[in-house]
$ cat final_13.cif   # mmCIF, C-alpha atoms
data_target
#
loop_
_atom_site.label_atom_id
_atom_site.label_comp_id
_atom_site.auth_asym_id
_atom_site.auth_seq_id
_atom_site.Cartn_x
_atom_site.Cartn_y
_atom_site.Cartn_z
CA MET A 1 20.40 12.69 -29.14
CA LYS A 2 18.82 16.09 -28.52
CA ASN A 3 17.91 17.18 -25.02
CA VAL A 4 14.30 16.45 -24.16
CA SER A 5 12.07 16.97 -21.13
CA ILE A 6 9.08 15.20 -19.61
CA ASP A 7 6.88 18.13 -20.65
CA SER A 8 7.98 17.90 -24.28
CA ILE A 9 7.30 14.16 -24.34
CA VAL A 10 3.76 14.71 -23.00
CA MET A 11 3.14 17.58 -25.42
CA ASP A 12 4.27 15.50 -28.40
CA PHE A 13 1.94 12.73 -27.29
CA ALA A 14 -0.97 15.15 -26.89
CA LYS A 15 -0.52 16.29 -30.48
CA SER A 16 -0.70 12.72 -31.80
CA SER A 17 -3.90 10.85 -32.61
CA LEU A 18 -3.37 8.49 -29.68
CA HIS A 19 -4.50 11.06 -27.13
CA GLU A 20 -8.11 10.41 -28.15
CA HIS A 21 -7.85 6.91 -26.68
CA ILE A 22 -5.75 7.61 -23.57
CA ILE A 23 -7.12 8.97 -20.29
CA HIS A 24 -3.77 9.98 -18.85
CA ILE A 25 -0.03 9.37 -18.94
CA LYS A 26 1.84 8.57 -15.76
CA ILE A 27 5.61 9.03 -15.48
CA CYS A 28 6.87 6.52 -12.91
CA GLU A 29 10.06 6.28 -10.92
CA LEU A 30 13.24 4.38 -11.74
CA ASP A 31 14.47 2.04 -9.00
CA SER A 32 18.11 2.79 -9.79
CA ALA A 33 17.48 6.53 -9.78
CA CYS A 34 15.61 6.89 -6.49
CA ASP A 35 18.41 8.89 -4.85
CA LEU A 36 19.20 11.08 -7.85
CA LYS A 37 18.05 14.70 -7.80
CA HIS A 38 18.11 15.03 -11.58
CA ILE A 39 17.62 12.47 -14.33
CA ASP A 40 18.73 13.09 -17.90
CA ILE A 41 15.76 11.91 -19.95
CA ALA A 42 18.01 11.49 -22.99
CA MET A 43 19.91 8.75 -21.10
CA VAL A 44 16.80 6.82 -20.05
CA GLN A 45 15.49 3.78 -21.91
CA PRO A 46 11.74 4.03 -21.27
CA GLU A 47 9.38 1.12 -20.71
CA TYR A 48 5.76 1.52 -21.72
CA HIS A 49 2.85 -0.18 -19.98
CA VAL A 50 -0.58 0.34 -21.52
CA TYR A 51 -3.41 -0.83 -19.31
CA HIS A 52 -7.16 -0.67 -18.87
CA LEU A 53 -8.64 -0.09 -15.41
CA GLU A 54 -11.32 -2.44 -14.16
CA CYS A 55 -14.25 -0.38 -12.88
CA TYR A 56 -16.75 -3.02 -11.75
CA GLY A 57 -15.56 -3.29 -8.15
CA PRO A 58 -14.82 -6.45 -6.19
CA GLY A 59 -16.65 -9.73 -5.98
CA ILE A 60 -17.25 -11.67 -2.80
CA GLU A 61 -16.01 -15.24 -2.36
CA GLU A 62 -18.38 -17.15 -0.10
CA LEU A 63 -17.73 -20.46 1.63
CA GLY A 64 -20.31 -22.82 3.06
CA GLU A 65 -20.31 -23.47 6.78
CA GLY A 66 -23.07 -25.86 7.74
CA GLU A 67 -26.26 -24.29 6.37
CA GLU A 68 -24.71 -20.86 6.15
CA ASP A 69 -22.44 -19.11 3.64
CA ILE A 70 -19.89 -16.67 4.98
CA PRO A 71 -18.03 -13.89 3.07
CA ALA A 72 -14.57 -15.42 3.16
CA ALA A 73 -12.74 -13.11 0.77
CA THR A 74 -12.97 -10.08 -1.51
CA HIS A 75 -11.87 -10.75 -5.09
CA TRP A 76 -10.50 -7.93 -7.26
CA MET A 77 -9.58 -7.97 -10.93
CA LEU A 78 -6.54 -5.77 -11.49
CA PRO A 79 -5.63 -3.08 -12.27
CA SER A 80 -8.64 -1.48 -10.58
CA THR A 81 -9.88 2.11 -10.57
CA GLU A 82 -10.14 1.94 -6.77
CA PHE A 83 -6.38 1.45 -6.38
CA GLU A 84 -5.26 3.94 -9.00
CA ASP A 85 -2.66 6.48 -7.76
CA MET A 86 -2.43 4.69 -4.41
CA TRP A 87 1.20 3.59 -4.94
CA GLU A 88 2.49 7.08 -5.70
CA ASN A 89 0.77 8.62 -2.67
CA LEU A 90 2.09 6.16 -0.08
CA ILE A 91 5.01 7.80 1.71
CA TYR A 92 7.42 5.92 3.98
CA ASP A 93 10.72 6.65 5.68
CA THR A 94 12.34 3.53 4.23
CA PRO A 95 12.59 2.40 0.57
CA ILE A 96 10.10 -0.37 1.31
CA LYS A 97 8.22 0.11 -1.99
CA GLU A 98 11.35 -0.32 -4.09
CA GLN A 99 12.44 -3.30 -1.97
CA LEU A 100 9.13 -5.06 -2.53
CA LEU A 101 9.37 -4.62 -6.30
CA LYS A 102 12.92 -5.99 -6.27
CA PHE A 103 11.75 -8.93 -4.14
CA VAL A 104 9.11 -9.89 -6.68
CA ARG A 105 11.59 -9.48 -9.52
CA THR A 106 13.99 -11.93 -7.86
CA THR A 107 11.27 -14.49 -7.10
CA LEU A 108 10.35 -14.54 -10.78
CA LEU A 109 13.98 -14.74 -11.87
CA PHE A 110 14.74 -17.67 -9.56
CA SER A 111 11.59 -19.48 -10.73
CA ASP A 112 12.41 -18.88 -14.40
CA LYS A 113 15.94 -20.20 -13.94
CA GLY A 114 14.67 -23.34 -12.25
CA MET A 115 16.48 -22.65 -8.98
CA ASN A 116 16.51 -25.70 -6.69
CA LYS A 117 14.44 -24.75 -3.61
CA ASN A 118 16.15 -27.44 -1.57
CA ILE A 119 19.36 -25.44 -1.96
CA ILE A 120 18.07 -21.85 -1.95
CA SER A 121 14.68 -21.37 -0.29
CA TRP A 122 12.05 -18.71 -0.84
CA ASN A 123 8.32 -18.81 -0.10
CA LYS A 124 6.91 -15.67 -1.81
CA VAL A 125 5.47 -14.55 1.54
CA ILE A 126 5.64 -10.96 2.81
CA LEU A 127 4.77 -9.87 6.37
CA LEU A 128 4.23 -6.15 7.07
CA HIS A 129 3.78 -5.41 10.76
CA GLY A 130 3.41 -2.31 12.91
CA PRO A 131 0.81 -0.10 14.61
CA PRO A 132 -2.64 0.47 13.08
CA GLY A 133 -3.09 3.19 10.48
CA THR A 134 0.45 3.12 9.08
CA GLY A 135 -0.53 2.04 5.58
CA LYS A 136 0.23 -1.69 5.66
CA THR A 137 -2.97 -2.82 3.95
CA SER A 138 -2.83 0.08 1.48
CA LEU A 139 0.74 -0.87 0.58
CA CYS A 140 -0.31 -4.46 -0.12
CA ARG A 141 -3.14 -3.30 -2.37
CA ALA A 142 -0.94 -0.74 -4.10
CA LEU A 143 1.79 -3.35 -4.67
CA SER A 144 -0.78 -5.66 -6.24
CA GLN A 145 -1.92 -2.87 -8.56
CA LYS A 146 1.66 -1.99 -9.46
CA LEU A 147 2.58 -5.60 -10.25
CA SER A 148 -0.51 -6.06 -12.42
CA ILE A 149 0.78 -3.20 -14.59
CA ARG A 150 4.53 -3.84 -14.45
CA LEU A 151 4.12 -7.55 -15.29
CA ASP A 152 1.58 -7.05 -18.07
CA SER A 153 3.89 -8.64 -20.63
CA ARG A 154 4.20 -11.79 -18.50
CA TYR A 155 0.64 -12.25 -17.22
CA LYS A 156 -2.52 -11.73 -19.21
CA TYR A 157 -4.46 -10.61 -16.13
CA ALA A 158 -4.02 -10.23 -12.36
CA GLN A 159 -6.23 -10.89 -9.35
CA LEU A 160 -6.17 -9.81 -5.72
CA VAL A 161 -7.83 -12.13 -3.20
CA GLU A 162 -8.25 -10.35 0.13
CA ILE A 163 -9.00 -12.97 2.77
CA ASN A 164 -11.37 -12.10 5.61
CA SER A 165 -9.42 -13.61 8.51
CA HIS A 166 -12.18 -13.08 11.06
CA SER A 167 -14.77 -14.87 8.91
CA LEU A 168 -12.52 -17.89 8.46
CA PHE A 169 -12.02 -18.18 12.18
CA SER A 170 -15.35 -19.91 12.69
CA LYS A 171 -17.43 -19.79 15.82
CA TRP A 172 -18.27 -23.46 15.21
CA PHE A 173 -15.86 -25.93 16.73
CA SER A 174 -13.44 -27.57 14.29
CA GLU A 175 -14.78 -25.73 11.23
CA SER A 176 -12.10 -23.06 10.91
CA GLY A 177 -9.37 -25.38 9.69
CA LYS A 178 -11.74 -26.73 7.03
CA LEU A 179 -12.65 -23.21 5.91
CA VAL A 180 -8.99 -22.28 5.53
CA GLN A 181 -8.49 -25.37 3.36
CA LYS A 182 -11.53 -24.50 1.23
CA MET A 183 -10.29 -20.94 0.76
CA PHE A 184 -6.87 -22.04 -0.41
CA THR A 185 -8.45 -24.60 -2.71
CA LYS A 186 -10.11 -21.69 -4.52
CA ILE A 187 -6.75 -19.89 -4.65
CA THR A 188 -5.02 -22.90 -6.22
CA GLU A 189 -7.82 -23.05 -8.80
CA LEU A 190 -7.08 -19.42 -9.73
CA ALA A 191 -3.35 -20.15 -9.82
CA GLY A 192 -3.92 -23.06 -12.17
CA ASP A 193 -3.96 -20.59 -15.06
CA PRO A 194 -0.28 -19.72 -15.66
CA GLN A 195 -1.34 -16.55 -17.47
CA SER A 196 -2.84 -15.18 -14.25
CA LEU A 197 -0.96 -13.39 -11.47
CA VAL A 198 -2.63 -14.12 -8.11
CA ILE A 199 -1.86 -11.97 -5.07
CA VAL A 200 -3.34 -13.18 -1.77
CA LEU A 201 -3.72 -10.58 0.98
CA ILE A 202 -4.27 -11.83 4.53
CA ASP A 203 -5.01 -8.75 6.63
CA GLU A 204 -4.51 -9.06 10.40
CA VAL A 205 -2.89 -12.42 9.86
CA GLU A 206 -2.54 -12.93 13.62
CA SER A 207 -6.23 -13.92 13.61
CA LEU A 208 -5.32 -17.10 11.70
CA THR A 209 -1.77 -17.71 12.89
CA ARG A 210 -1.85 -17.07 16.62
CA ALA A 211 1.06 -18.79 18.33
CA ARG A 212 0.11 -22.40 19.03
CA GLU A 213 1.91 -22.39 22.36
CA SER A 214 -0.28 -19.58 23.70
CA SER A 215 -3.40 -21.09 22.10
CA LEU A 216 -2.99 -24.21 24.22
CA ASN A 217 -3.83 -22.09 27.27
CA GLY A 218 -7.15 -20.92 25.82
CA ALA A 219 -10.66 -22.21 26.33
CA ASP A 220 -10.79 -23.90 22.92
CA PRO A 221 -7.17 -24.61 22.01
CA SER A 222 -7.69 -27.44 19.54
CA ASP A 223 -9.49 -25.39 16.88
CA ALA A 224 -6.94 -22.55 17.08
CA VAL A 225 -4.12 -25.05 16.58
CA ARG A 226 -5.97 -26.63 13.65
CA VAL A 227 -6.26 -23.23 11.97
CA VAL A 228 -2.53 -22.49 12.28
CA ASN A 229 -1.65 -25.96 11.01
CA ALA A 230 -4.04 -25.54 8.08
CA VAL A 231 -2.58 -22.15 7.12
CA LEU A 232 1.00 -23.45 7.26
CA THR A 233 0.11 -26.52 5.22
CA GLN A 234 -1.71 -24.48 2.57
CA LEU A 235 1.13 -21.97 2.30
CA ASP A 236 3.50 -24.82 1.57
CA GLN A 237 1.09 -26.12 -1.07
CA VAL A 238 0.69 -22.83 -2.97
CA ASN A 239 4.44 -22.20 -2.84
CA LYS A 240 4.85 -24.46 -5.86
CA TYR A 241 2.93 -21.98 -8.03
CA PRO A 242 5.33 -19.29 -9.36
CA ASN A 243 2.40 -16.97 -10.13
CA VAL A 244 1.15 -16.68 -6.51
CA LEU A 245 2.35 -14.05 -4.03
CA ILE A 246 1.21 -13.98 -0.39
CA VAL A 247 1.16 -10.58 1.35
CA THR A 248 0.14 -10.33 5.01
CA THR A 249 -0.25 -7.62 7.64
CA SER A 250 -0.29 -7.63 11.43
CA ASN A 251 -0.89 -5.04 14.13
CA ILE A 252 0.34 -7.33 16.93
CA SER A 253 3.11 -9.41 15.39
CA GLY A 254 4.31 -10.71 18.75
CA THR A 255 1.40 -13.14 18.86
CA ILE A 256 2.06 -14.76 15.47
CA ASP A 257 3.23 -18.37 15.39
CA LEU A 258 6.98 -18.56 14.81
CA ALA A 259 6.53 -21.16 12.07
CA PHE A 260 4.59 -18.60 10.02
CA VAL A 261 7.08 -15.82 10.74
CA ASP A 262 9.86 -18.15 9.58
CA ARG A 263 8.08 -18.70 6.27
CA ALA A 264 7.94 -14.97 5.52
CA ASP A 265 10.79 -13.93 3.22
CA ILE A 266 10.38 -10.25 4.12
CA LYS A 267 9.37 -9.15 7.62
CA GLN A 268 9.13 -5.38 7.43
CA TYR A 269 8.15 -3.09 10.29
CA ILE A 270 5.97 -0.14 9.18
CA GLY A 271 6.10 2.54 11.87
CA LEU A 272 4.53 5.95 12.38
CA PRO A 273 5.68 8.57 9.86
CA SER A 274 8.65 10.78 10.67
CA ARG A 275 8.50 14.55 10.40
CA ALA A 276 9.95 14.37 6.89
CA ALA A 277 7.35 11.83 5.76
CA ILE A 278 4.56 13.88 7.37
CA TYR A 279 5.70 16.95 5.43
CA GLN A 280 5.45 15.04 2.16
CA ILE A 281 2.01 13.68 3.09
CA TYR A 282 0.71 17.19 3.76
CA TYR A 283 2.46 18.39 0.59
CA SER A 284 0.54 15.84 -1.48
CA CYS A 285 -2.74 16.83 0.19
CA ILE A 286 -2.19 20.52 -0.53
CA ASN A 287 -1.35 19.79 -4.16
CA GLU A 288 -4.58 17.80 -4.50
CA MET A 289 -6.57 20.67 -3.01
CA LYS A 290 -4.89 23.01 -5.49
CA ARG A 291 -5.66 20.66 -8.37
CA THR A 292 -9.34 20.60 -7.45
CA GLY A 293 -9.48 24.38 -6.98
CA ILE A 294 -10.25 24.41 -3.24
CA ILE A 295 -6.97 26.17 -2.49
CA VAL A 296 -7.28 29.06 -4.89
CA ASP A 297 -3.99 30.98 -4.95
CA SER A 298 -0.89 30.03 -6.91
CA GLU A 299 1.61 30.28 -4.06
CA THR A 300 4.21 27.54 -4.26
CA ILE A 301 4.87 24.88 -1.64
CA PHE A 302 8.26 23.22 -2.07
CA THR A 303 8.93 19.53 -1.77
CA LEU A 304 11.12 18.71 1.22
CA LYS A 305 14.15 18.16 -1.02
CA GLU A 306 13.60 21.54 -2.64
CA LEU A 307 13.17 23.18 0.76
CA GLU A 308 16.39 21.62 2.03
CA THR A 309 18.32 23.13 -0.90
CA THR A 310 17.37 26.58 0.46
CA ASN A 311 19.02 25.66 3.77
CA MET A 312 15.68 26.42 5.46
CA ILE A 313 16.37 30.16 5.19
CA VAL A 314 13.31 32.32 5.76
CA LYS A 315 12.37 34.21 2.60
CA ASP A 316 9.07 35.28 1.09
CA VAL A 317 9.22 32.33 -1.30
CA THR A 318 9.93 29.77 1.49
CA LYS A 319 7.65 31.19 4.19
CA SER A 320 4.69 28.86 3.59
CA SER A 321 6.90 25.79 3.14
CA LEU A 322 8.71 26.51 6.41
CA LEU A 323 5.37 26.88 8.16
CA LEU A 324 4.33 23.52 6.77
CA TRP A 325 7.59 22.08 8.14
CA GLU A 326 6.61 23.40 11.60
CA ILE A 327 3.15 21.90 11.19
CA ALA A 328 4.72 18.55 10.27
CA GLY A 329 6.78 18.69 13.47
CA ALA A 330 3.63 19.29 15.51
CA SER A 331 2.02 16.24 13.86
CA VAL A 332 4.66 13.68 14.86
CA GLY A 333 2.95 10.74 16.56
CA PHE A 334 -0.07 10.65 14.27
CA SER A 335 -0.61 7.66 11.99
CA GLY A 336 -0.72 8.03 8.23
CA ARG A 337 -4.46 7.36 8.33
CA THR A 338 -4.98 10.26 10.75
CA LEU A 339 -2.70 12.59 8.79
CA ARG A 340 -4.73 12.04 5.62
CA LYS A 341 -7.91 13.06 7.48
CA ILE A 342 -6.55 16.24 9.09
CA PRO A 343 -6.69 18.40 5.88
CA PHE A 344 -10.36 17.45 5.51
CA LEU A 345 -11.09 18.30 9.15
CA ALA A 346 -9.15 21.57 8.82
CA HIS A 347 -11.40 22.65 5.99
CA ALA A 348 -14.59 21.28 7.53
CA LEU A 349 -14.09 22.90 10.93
CA TYR A 350 -12.01 26.02 10.32
CA ALA A 351 -12.41 27.21 6.72
CA GLU A 352 -14.51 30.37 6.55
CA THR A 353 -15.40 29.84 2.87
CA PRO A 354 -15.54 26.82 0.51
CA LEU A 355 -12.53 28.12 -1.41
CA ILE A 356 -9.53 29.12 0.65
CA SER A 357 -6.09 30.69 0.32
CA LEU A 358 -2.99 28.68 1.16
CA SER A 359 -2.11 30.85 4.15
CA ASN A 360 -5.60 30.51 5.61
CA PHE A 361 -5.57 26.78 5.02
CA LEU A 362 -2.24 26.37 6.83
CA SER A 363 -3.74 28.25 9.79
CA ALA A 364 -6.74 25.92 9.68
CA LEU A 365 -4.38 22.96 9.56
CA GLN A 366 -2.68 24.14 12.77
CA MET A 367 -6.02 24.42 14.55
CA ALA A 368 -7.12 20.99 13.35
CA ILE A 369 -3.93 19.43 14.71
CA LYS A 370 -4.47 21.04 18.12
CA LYS A 371 -8.03 19.72 18.20
CA GLN A 372 -6.89 16.24 17.15
CA LYS A 373 -4.41 16.17 20.04
CA GLN A 374 -7.04 17.33 22.53
CA ASP A 375 -9.52 14.75 21.21
CA ARG A 376 -6.94 12.02 21.83
CA VAL A 377 -6.54 13.23 25.42
CA ASP A 378 -10.30 13.40 25.97
CA ILE A 379 -10.86 9.89 24.69
CA GLY A 380 -8.00 8.53 26.78
CA LEU A 381 -5.58 7.62 24.00
CA VAL A 382 -2.84 9.80 25.48
CA LYS A 383 -2.27 11.52 28.83
CA ASN A 384 -2.25 15.30 29.14
CA HIS A 385 1.07 16.42 30.64
#
$ encode --input "final_13.cif" --output "structure tokens"
Amino acid sequence: MKNVSIDSIVMDFAKSSLHEHIIHIKICELDSACDLKHIDIAMVQPEYHVYHLECYGPGIEELGEGEEDIPAATHWMLPSTEFEDMWENLIYDTPIKEQLLKFVRTTLLFSDKGMNKNIISWNKVILLHGPPGTGKTSLCRALSQKLSIRLDSRYKYAQLVEINSHSLFSKWFSESGKLVQKMFTKITELAGDPQSLVIVLIDEVESLTRARESSLNGADPSDAVRVVNAVLTQLDQVNKYPNVLIVTTSNISGTIDLAFVDRADIKQYIGLPSRAAIYQIYYSCINEMKRTGIIVDSETIFTLKELETTNMIVKDVTKSSLLLWEIAGASVGFSGRTLRKIPFLAHALYAETPLISLSNFLSALQMAIKKQKQDRVDIGLVKNH
């Protein structure tokens, strides 16, 4: 086979008649090649996934509570335009994205082979926990989008049901457990179609699964216990559907009932980004600003792997990348959510003109980081030493 490149594949496609019907082509990663610096395209057996993005936005699932309807969940048809490119731009210090894809692959394999759950147990429940702003909810949404595309040959369509935990925890005595049951009844109705993949996202799951032992000390313990019992019961009920995946997040995992934690197959901590991850986050932001023409010069910023191959030696070609590495070091302690805002604030507060050079933007980035740190001191989030 002749040697080929990604660019040549894209160019050949662009010359064909198909390009009139395709918005873009995305070259995705290989799980087995995550640690490889170079991949020989000639040795790769490609998989093609052709998909259409839903652009109508989410629907709202409402449940009756007395004379009142409450917004109990947000319902997305997948893949959605709102989640496009989210997976590729989530950066973590662990291979959590690859692990989640492998987890789903194994759940499907065990179901297809008719594995006896009384011998080997799995619940199709994922718990992501850690401090706020670290990308837990985004990862759940991105995983749902990714699965809707990767499993297109298995499922005709996919749905994401994002449960509003706070709405289900009713202010009316004894109603919360009933609302949880009603919500999961709707989920089982969706799962009744074997051609549909149903992903259920329970954000801030501690709202519905607070430890029963601690709840007994509260002012209204009985309803809190009913809610936990209802959630556990419903999870066991939907476990029989091979096309349902439960993904959950928590900012304060220490308060979650142990019976729920035990049901989670994967319990992954998502912490604050390391310096290396921060560098890659800023790298992606700079590339986006270049793509949109806000950063106007053509000076190159290296990926971290590329920068490491230079042994971090100061040269004209590495100067900006090394400065970005210093900026990443100064940003340690910020959440991913904050890091994604800092490039915007840098431009908004410190750019002299709408269009900016890379060197001027990096200077603006440094000033924005200093201001962010001072703002955190002023608001009392951190102490000034």
$ resolve_selection --input "final_13.cif" --expression "the PyMOL selection byres ((chain A and resi 145-154) around 12)" --output "JSON, numbers by chain"
{"A": [26, 28, 29, 47, 48, 49, 50, 51, 52, 53, 54, 76, 77, 78, 79, 80, 81, 82, 83, 84, 85, 86, 87, 88, 97, 98, 100, 101, 102, 103, 104, 105, 108, 112, 138, 139, 140, 141, 142, 143, 144, 155, 156, 157, 158, 159, 160, 194, 195, 196, 197, 198, 199, 242, 243, 244, 245]}
$ resolve_selection --input "final_13.cif" --expression "the PyMOL selection byres ((chain A and resi 355) around 9)" --output "mmCIF file with C-alpha atoms, keeping the file's coordinate frame"
data_model
loop_
_atom_site.group_PDB
_atom_site.id
_atom_site.type_symbol
_atom_site.label_atom_id
_atom_site.label_comp_id
_atom_site.auth_asym_id
_atom_site.auth_seq_id
_atom_site.Cartn_x
_atom_site.Cartn_y
_atom_site.Cartn_z
ATOM 1 C CA GLY A 293 -9.480 24.380 -6.980
ATOM 2 C CA ILE A 294 -10.250 24.410 -3.240
ATOM 3 C CA ILE A 295 -6.970 26.170 -2.490
ATOM 4 C CA VAL A 296 -7.280 29.060 -4.890
ATOM 5 C CA ALA A 351 -12.410 27.210 6.720
ATOM 6 C CA GLU A 352 -14.510 30.370 6.550
ATOM 7 C CA THR A 353 -15.400 29.840 2.870
ATOM 8 C CA PRO A 354 -15.540 26.820 0.510
ATOM 9 C CA ILE A 356 -9.530 29.120 0.650
ATOM 10 C CA SER A 357 -6.090 30.690 0.320
#
$ residues_around --input "final_13.cif" --residues "Thr303 (chain A)" --least-positions-apart "2" --cutoff "8 Å" --atoms "all atoms listed in the file" --output "ChimeraX atom specification"
/A:280,283,301,305-307
$ write_last_selection --input "final_13.cif" --atoms "C-alpha atoms" --output "tab-separated table (two decimals), keeping the file's coordinate frame"
chain	number	residue	atom	x	y	z
A	280	GLN	CA	5.45	15.04	2.16
A	283	TYR	CA	2.46	18.39	0.59
A	301	ILE	CA	4.87	24.88	-1.64
A	305	LYS	CA	14.15	18.16	-1.02
A	306	GLU	CA	13.60	21.54	-2.64
A	307	LEU	CA	13.17	23.18	0.76
$ closest_residue --input "final_13.cif" --among "A:Ile202, A:Ile369, A:Val314, A:Val180" --to "Gly329 (chain A)" --atoms "all atoms listed in the file"
A:Ile369
$ resolve_selection --input "final_13.cif" --expression "the PyMOL selection byres ((chain A and resi 370-373) around 12)" --output "PyMOL selection string"
chain A and resi 327+330-335+338-339+341-343+345-346+349-350+363-369+374-385
